[in-house]
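Below is one structure, written out as structure tokens; the observations come after it.
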Amino acid sequence: MIKSIFKGMVIGIANIVPGVSGGTMMVSMGIYDKLIHCITHLFSEFKKSVAFLFPIAIGMVVAVAGSAVGLSWLFEHFPIQTNLLFVGLILGGLPAIWKNVKGNSIKVGHIIAALLFFGMVVGLAAVGESEGAAADLSFNLGSVLMLFVVGVIAAATMVIPGVSGSMILMLMGFYHPVLNAIKDFVTACIHLDFGGILTGCGILVPFGLGVVVGVFGIAKLVEIIFNKFPMYAYWAIIGLIVASPIAILLMGTFPAITVVSAVTGVVALAAGVIIAMKLGE
């Protein structure tokens, strides 16, 4: 239970950080296939699916709420160490994925799939350095519908390994507005500011409904791909995982490297690898 909550927290934090993929973290911790299965079979295997998904969902909610308030502090004061921690978390999951393709013949199509998705992630990171115009989240029918659509898109990209949902939100101009809405909602709840809570609900409820629809929709598609083309899917994921650290470095902002930051950065990298391997056991 505690371990599953912690896994959910890692996924939640990853989905907040631009350039980091929550789907990749699911793969790194060895729960991606089972999570997709539980989502797509939620009603046919209700008790089993809820038992698996509930603690992960708790961890994600706690992490997203906490990250919206405190994660920016870590990136502001320890950007090298924080980014390298996520790089380690991603790379630590690569051995578990490699086991799925090891011993199988490598086809040209497998290499093409890996290179294609590698190029997609790096390309998105390269063009994602500049954020689009900030979205207008004033409460009206148009904004509600747009938030729903954005939630669907964000959820779909968050579930796909190697694709950063937060980076897509940033390109669409919704990253900071939604993140600020979460932060303001958490603050309003702490201070029992019912006006602020209602305002937050007007933004987060349609966005959240879109997220739910997006997760269920993309999960079914992913399940079909894994059932029909498993080797191609795993090689595509390998390409995504290898590209993700490059995407993080492209998206990150780093100060001048010192001896202390270099040493602590290497420690953070190693810690990330160890944590990912332990969570994947």
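Within each chain, counting starts at residue 1; across the structure tokens, chains are named A, B, ... in the order shown, with ligands numbered 1 upward in that order.
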
Counting only C-alpha atoms, give me one row per residue of stretch 5-67 of chain A with an atom at most 12 Å from an atom of stretch 226-233 of chain A, showing the shortest contact pair and its distance in Å to one decimal, sorted by chain then residue number, as CSV.
residue,atom,partner,partner_atom,distance
A:Val27,CA,A:Ala233,CA,12.0
A:Tyr32,CA,A:Phe226,CA,11.1
A:Asp33,CA,A:Phe226,CA,8.6
A:Lys34,CA,A:Phe226,CA,11.7
A:Ile36,CA,A:Phe226,CA,10.1
A:His37,CA,A:Phe226,CA,10.6

Interatomic distance, atom CA of A:Gly30 to atom CA of A:Gly93 (Å, one decimal): 7.5 Å

Test item, helix (DSSP H, G or I) assignment across stretch 7-218 of chain A, answer as an MDAnalysis selection string: chainID A and resid 7:16 22:28 32:40 46:77 79:91 94:101 108:127 141:159 165:172 175:190 194:218

A:Met120 proximity check over A:Val101, A:Val242, A:Val149, A:Ala14, using only C-alpha atoms: winner is A:Val242

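Omitting A:Ile238 and its sequence neighbours fewer than 6 positions away, and counting only C-alpha atoms, the residues within 12 Å are A:Thr24, A:Val27, A:Ser28, A:Ile90, A:Leu91, A:Gly93, A:Leu94, A:Pro95, A:Ala96, A:Ile97, A:Trp98, A:Lys99, A:Asn100, A:Val101, A:His110, A:Ile111, A:Ile112, A:Ala113, A:Ala114, A:Leu115, A:Leu116, A:Phe117, A:Phe118, A:Val121, A:Pro161, A:Gly162, A:Met231, A:Tyr232, A:Ser244.
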
Extract, using only C-alpha atoms, all DNA, RNA and protein residues at most 9 Å from A:Ser49, discarding same-chain residues fewer than 4 positions from it, and format them as a PyMOL selection string. chain A and resi 35+37-39+41-45+53-54

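Rounded to one decimal, atom CA of A:Val211 and atom CA of A:Val178 lie 12.7 Å from each other.
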
Skipping near chain neighbours, those fewer than 5 positions away, what residues fall within 9 Å of A:Val267 using only C-alpha atoms, listed as JSON, numbers by chain? {"A": [81, 84, 85, 262, 272]}
